[in-house]
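Remarks on the structure that follows.
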Amino acid sequence: MDEYYTGKIAIVTGANSGIGYAVSEELLKRGATVYMAGRNPEKIARAAEQLSAYGERVRTLVMDVTKQEQVQKGIEETAAEAGRLDFLFNNAGVGGTLPFEQVTLEDWKTIIDTNLWSVIYGVHFAVPIMLRQGSGHVVNTSSIAGIIPPPFQALYSLTKYGVTGMTECLKYEFAEKGLHFSTICPANIATAIFNKSIDGKTHGELRIPDDAYPVEKAAAFILDRVAEQKGIIIVPEDPNTDVWKGYVLGDREVEERLFQMARDRREAFEKGGTYF
Ligand SMILES: NC(=O)c1ccc[n+]([C@@H]2O[C@H](COP(=O)([O-])OP(=O)(O)OC[C@H]3O[C@@H](n4cnc5c(N)ncnc54)[C@H](OP(=O)(O)O)[C@@H]3O)[C@@H](O)[C@H]2O)c1
């Protein structure tokens with residue numbers, strides 16, 4: 001499957017850590033040139049430095065994905081410099097597990113800008129380039145919370161359902177034009193996202209869940225499925241993530257699991273403890 005990536009040009013947003021960094025490394029292993037994009041110049045330079053063994057194929061872009069002009073500039077300058085753009089991984093994002101009562105309107109704006117407008121900007125500026133080429137693959141990161149609604153994640157889930165819906169629509173709309181779209185729906189992947197919270201709010205202890213899936217394995221799995229041009233990519237695929245099918249079908253047992261999760265999270269928040 002490496003031939004899907006060898007010699008190709010890819011942009012990965014949020015590439016300085018977590019899934020974005022691991023996907024960048026895996027793309028490099030598979031022969032792509034990777035423009036690692038991050039909002040913080042020092043952080044992205046440090047991340048690229050760790051991958052300097054890949055030489056000229058490692059590039060960096062300073063790009064705050066909430067800023068339309070920075071996303072446009074990054075995408076258009078990359079395509080101009082490299083002569084094409086084969087992959088855009090709209091990966092950057094922030095989490096947000098909070099009781100609805102504590103969510104401010106500023107929180108809604110921040111998360112929508114970071115998780116949803118970022119993807120809209122990316123797609124808006126990459127698609128015309130890919131259409132001119134007659135090829136390209138956009139890979140948008142949603143979440144398992146973009147296909148099933150975890151309680152206390154209304155904020156996050158809103159953005160991720162948006163990403164799933166948009167990406168799936170475009171997959172069908174552009175299929176005849178040589179463009180491909182994939183939606184990544186991670187469950188719990190072991191990254192720093194669990195140690196952060198929107199606007200620095202920490203409600204209880206934030207920690208990586210014990211059963212979180214290793215990020216390097218997630219990146220390899222993602223690229224294998226992207227190379228198969230799969231639409232929705234759930235990672236990891238296991239009985240726990242498979243419950244989304246039951247949810248879509250209105251399965252009462254799945255609903256009961258979600259009610260129980262809500263009770264557990266409410267109790268944890270009220271105690272000020274961890275919500276896992
Ligand atoms: N890990 C999971 O279990 C999980 C589950 C479902 C979905 N996801 C999704 O996977 C994606 C990657 O998350 P992760 O788990 O790898 O978390 P992470 O390690 O925290 O990485 C998030 C990345 O996004 C970047 N970012 C945030 N806001 C940005 C902005 N305004 N402009 C540019 N970059 C920005 C961060 O940069 P800074 O370092 O500068 O903040 C960081 O590089 C996210 O979209 C997340 O929602 C993750």
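Chain identifiers are assigned as A, B, and so on, following the order in which chains appear in the structure tokens; residues are numbered from 1 within each chain, and ligands are numbered from 1 in order of appearance.
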Listing only residues of stretch 33-114 of chain A within 6 Å of stretch 118-126 of chain A, what is the closest atom pair and its distance in Å (to one decimal) for each, using only C-alpha atoms, sorted by chain and residue number ascending, as a Markdown table?
| residue | atom | partner | partner_atom | distance |
| --- | --- | --- | --- | --- |
| A:Val65 | CA | A:Ser118 | CA | 4.8 |
| A:Thr66 | CA | A:Ser118 | CA | 5.4 |
| A:Gln72 | CA | A:Phe125 | CA | 5.9 |
| A:Asn90 | CA | A:Val119 | CA | 5.9 |
| A:Thr114 | CA | A:Ser118 | CA | 5.6 |
Can you list, as a list in words, every residue of stretch 83-232 of chain A that DSSP puts in strand (DSSP E)? Phe87, Leu88, Phe89, Asn90, Gly136, His137, Val138, Val139, Asn140, Thr141, Leu179, His180, Phe181, Ser182, Thr183, Ile184, Cys185, Pro186 and Ile232 of chain A
Would you mind exporting the chosen residues as a short mmCIF file (atom, residue, chain, number, x, y, z; two decimals), in the first residue's frame, restricted to all heavy atoms?
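Once everything was written out, this is selection-v7.cif:
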data_model
loop_
_atom_site.label_atom_id
_atom_site.label_comp_id
_atom_site.auth_asym_id
_atom_site.auth_seq_id
_atom_site.Cartn_x
_atom_site.Cartn_y
_atom_site.Cartn_z
N PHE A 87 -2.55 15.02 -0.85
CA PHE A 87 -3.29 14.70 0.37
C PHE A 87 -3.40 15.92 1.28
O PHE A 87 -2.41 16.64 1.47
CB PHE A 87 -2.57 13.62 1.20
CG PHE A 87 -2.50 12.29 0.52
CD1 PHE A 87 -1.35 11.91 -0.15
CD2 PHE A 87 -3.58 11.41 0.55
CE1 PHE A 87 -1.27 10.68 -0.79
CE2 PHE A 87 -3.51 10.18 -0.09
CZ PHE A 87 -2.35 9.81 -0.76
N LEU A 88 -4.58 16.12 1.82
CA LEU A 88 -4.73 17.09 2.91
C LEU A 88 -5.33 16.33 4.09
O LEU A 88 -6.44 15.78 3.98
CB LEU A 88 -5.67 18.24 2.50
CG LEU A 88 -6.03 19.19 3.66
CD1 LEU A 88 -4.79 19.88 4.23
CD2 LEU A 88 -7.05 20.23 3.20
N PHE A 89 -4.57 16.28 5.17
CA PHE A 89 -5.07 15.68 6.41
C PHE A 89 -5.48 16.81 7.34
O PHE A 89 -4.64 17.48 7.95
CB PHE A 89 -3.98 14.82 7.09
CG PHE A 89 -3.70 13.52 6.39
CD1 PHE A 89 -2.88 13.48 5.26
CD2 PHE A 89 -4.24 12.33 6.85
CE1 PHE A 89 -2.62 12.28 4.60
CE2 PHE A 89 -3.99 11.12 6.20
CZ PHE A 89 -3.18 11.09 5.08
N ASN A 90 -6.78 17.08 7.41
CA ASN A 90 -7.31 18.08 8.34
C ASN A 90 -7.46 17.41 9.70
O ASN A 90 -8.50 16.84 10.02
CB ASN A 90 -8.67 18.58 7.86
CG ASN A 90 -8.56 19.59 6.74
OD1 ASN A 90 -7.77 20.53 6.83
ND2 ASN A 90 -9.35 19.41 5.70
N GLY A 136 -6.76 13.72 -5.93
CA GLY A 136 -6.46 14.22 -4.59
C GLY A 136 -7.30 13.48 -3.57
O GLY A 136 -8.35 12.92 -3.91
N HIS A 137 -6.81 13.47 -2.34
CA HIS A 137 -7.52 12.75 -1.27
C HIS A 137 -7.52 13.63 -0.02
O HIS A 137 -6.46 13.98 0.49
CB HIS A 137 -6.79 11.41 -1.01
CG HIS A 137 -7.61 10.42 -0.27
ND1 HIS A 137 -7.52 9.05 -0.50
CD2 HIS A 137 -8.53 10.55 0.71
CE1 HIS A 137 -8.34 8.41 0.32
NE2 HIS A 137 -8.97 9.30 1.06
N VAL A 138 -8.71 13.99 0.42
CA VAL A 138 -8.86 14.80 1.65
C VAL A 138 -9.24 13.85 2.78
O VAL A 138 -10.19 13.06 2.64
CB VAL A 138 -9.94 15.89 1.48
CG1 VAL A 138 -10.14 16.65 2.79
CG2 VAL A 138 -9.57 16.84 0.35
N VAL A 139 -8.50 13.94 3.89
CA VAL A 139 -8.74 13.06 5.02
C VAL A 139 -9.07 13.95 6.23
O VAL A 139 -8.20 14.66 6.74
CB VAL A 139 -7.49 12.19 5.31
CG1 VAL A 139 -7.78 11.22 6.46
CG2 VAL A 139 -7.05 11.44 4.05
N ASN A 140 -10.32 13.95 6.62
CA ASN A 140 -10.76 14.83 7.71
C ASN A 140 -10.91 14.03 9.00
O ASN A 140 -11.52 12.95 9.00
CB ASN A 140 -12.09 15.49 7.35
CG ASN A 140 -11.94 16.47 6.21
OD1 ASN A 140 -10.86 17.06 6.02
ND2 ASN A 140 -13.00 16.67 5.44
N THR A 141 -10.39 14.58 10.08
CA THR A 141 -10.51 13.87 11.35
C THR A 141 -11.76 14.29 12.08
O THR A 141 -11.91 15.44 12.50
CB THR A 141 -9.27 14.09 12.24
OG1 THR A 141 -8.13 13.62 11.52
CG2 THR A 141 -9.38 13.29 13.53
N LEU A 179 -11.59 12.70 -7.07
CA LEU A 179 -11.23 13.10 -5.71
C LEU A 179 -11.77 12.08 -4.70
O LEU A 179 -12.84 11.50 -4.92
CB LEU A 179 -11.83 14.48 -5.38
CG LEU A 179 -10.96 15.70 -5.70
CD1 LEU A 179 -10.50 15.69 -7.15
CD2 LEU A 179 -11.69 16.97 -5.37
N HIS A 180 -11.03 11.89 -3.62
CA HIS A 180 -11.45 10.94 -2.58
C HIS A 180 -11.52 11.66 -1.24
O HIS A 180 -10.74 12.58 -0.98
CB HIS A 180 -10.48 9.77 -2.50
CG HIS A 180 -10.39 9.03 -3.80
ND1 HIS A 180 -11.38 8.17 -4.23
CD2 HIS A 180 -9.46 9.07 -4.78
CE1 HIS A 180 -11.06 7.71 -5.42
NE2 HIS A 180 -9.90 8.24 -5.79
N PHE A 181 -12.44 11.21 -0.42
CA PHE A 181 -12.63 11.79 0.92
C PHE A 181 -12.75 10.67 1.94
O PHE A 181 -13.50 9.72 1.72
CB PHE A 181 -13.91 12.65 0.95
CG PHE A 181 -13.79 13.93 0.17
CD1 PHE A 181 -13.97 13.93 -1.20
CD2 PHE A 181 -13.45 15.11 0.80
CE1 PHE A 181 -13.83 15.11 -1.93
CE2 PHE A 181 -13.32 16.29 0.08
CZ PHE A 181 -13.50 16.30 -1.29
N SER A 182 -12.02 10.82 3.02
CA SER A 182 -12.13 9.86 4.13
C SER A 182 -12.39 10.61 5.42
O SER A 182 -11.92 11.74 5.61
CB SER A 182 -10.85 9.04 4.28
OG SER A 182 -10.62 8.26 3.13
N THR A 183 -13.11 9.96 6.32
CA THR A 183 -13.42 10.53 7.64
C THR A 183 -12.81 9.62 8.69
O THR A 183 -13.18 8.44 8.78
CB THR A 183 -14.95 10.54 7.87
OG1 THR A 183 -15.59 11.14 6.75
CG2 THR A 183 -15.31 11.31 9.13
N ILE A 184 -11.88 10.16 9.45
CA ILE A 184 -11.27 9.37 10.52
C ILE A 184 -12.11 9.53 11.79
O ILE A 184 -12.35 10.66 12.23
CB ILE A 184 -9.82 9.82 10.82
CG1 ILE A 184 -8.99 9.94 9.54
CG2 ILE A 184 -9.15 8.89 11.82
CD1 ILE A 184 -8.86 8.68 8.75
N CYS A 185 -12.53 8.42 12.35
CA CYS A 185 -13.31 8.45 13.60
C CYS A 185 -12.56 7.70 14.69
O CYS A 185 -12.80 6.51 14.92
CB CYS A 185 -14.68 7.82 13.38
SG CYS A 185 -15.71 8.72 12.22
N PRO A 186 -11.61 8.39 15.36
CA PRO A 186 -10.89 7.71 16.44
C PRO A 186 -11.77 7.56 17.67
O PRO A 186 -12.59 8.43 17.97
CB PRO A 186 -9.70 8.64 16.74
CG PRO A 186 -9.69 9.66 15.63
CD PRO A 186 -11.10 9.76 15.14
N ILE A 232 -15.61 6.09 5.88
CA ILE A 232 -15.54 6.24 7.34
C ILE A 232 -14.56 5.22 7.89
O ILE A 232 -14.67 4.02 7.63
CB ILE A 232 -16.94 6.07 7.97
CG1 ILE A 232 -17.80 7.28 7.57
CG2 ILE A 232 -16.85 5.96 9.48
CD1 ILE A 232 -19.13 7.37 8.22
#
Report as a ChimeraX atom specification which protein, DNA and RNA residues come within 6 Å of ligand 1, using only C-alpha atoms and all ligand atoms. /A:14-20,38-40,63-66,91-95,114,141-143,186-193
Using C-alpha atoms, can you export the residues from the last selection as a short mmCIF file (atom, residue, chain, number, x, y, z; two decimals), in the first residue's frame?
data_model
loop_
_atom_site.label_atom_id
_atom_site.label_comp_id
_atom_site.auth_asym_id
_atom_site.auth_seq_id
_atom_site.Cartn_x
_atom_site.Cartn_y
_atom_site.Cartn_z
CA GLY A 14 -1.82 19.71 13.95
CA ALA A 15 1.32 17.75 13.03
CA ASN A 16 3.38 18.68 16.08
CA SER A 17 1.76 16.13 18.36
CA GLY A 18 -0.43 13.07 18.76
CA ILE A 19 -2.17 11.58 15.73
CA GLY A 20 -0.91 14.35 13.40
CA GLY A 38 1.33 23.68 13.27
CA ARG A 39 0.23 26.97 14.80
CA ASN A 40 3.30 27.37 16.99
CA MET A 63 -0.74 27.49 10.17
CA ASP A 64 -3.34 28.34 12.78
CA VAL A 65 -6.30 26.45 11.39
CA THR A 66 -8.80 28.92 12.82
CA ASN A 91 -6.31 16.68 11.70
CA ALA A 92 -5.87 19.62 14.11
CA GLY A 93 -8.50 19.78 16.81
CA VAL A 94 -9.31 20.21 20.47
CA GLY A 95 -11.39 18.09 22.81
CA THR A 114 -10.91 24.93 15.76
CA THR A 141 -10.51 13.87 11.35
CA SER A 142 -13.85 13.49 13.03
CA SER A 143 -14.26 11.21 16.04
CA PRO A 186 -10.89 7.71 16.44
CA ALA A 187 -12.11 6.31 19.72
CA ASN A 188 -9.57 6.61 22.55
CA ILE A 189 -6.09 7.05 21.11
CA ALA A 190 -3.23 7.67 23.54
CA THR A 191 -2.36 11.33 22.90
CA ALA A 192 -2.03 14.57 24.82
CA ILE A 193 -5.62 15.52 23.96
#
Run DSSP on the backbone and grab whatever in stretch 13-91 of chain A lands in helix (DSSP H, G or I); send it over as number ranges by chain. A: 18-29, 41-50, 52-57, 68-82
Interatomic distance, atom CA of A:Arg263 to atom CA of A:Pro150 (Å, one decimal): 11.6 Å
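Considering only C-alpha atoms, the residue among A:Ala80, A:Val62, A:Ile144, A:Ala22 positioned nearest to A:Ile222 is A:Ala22.
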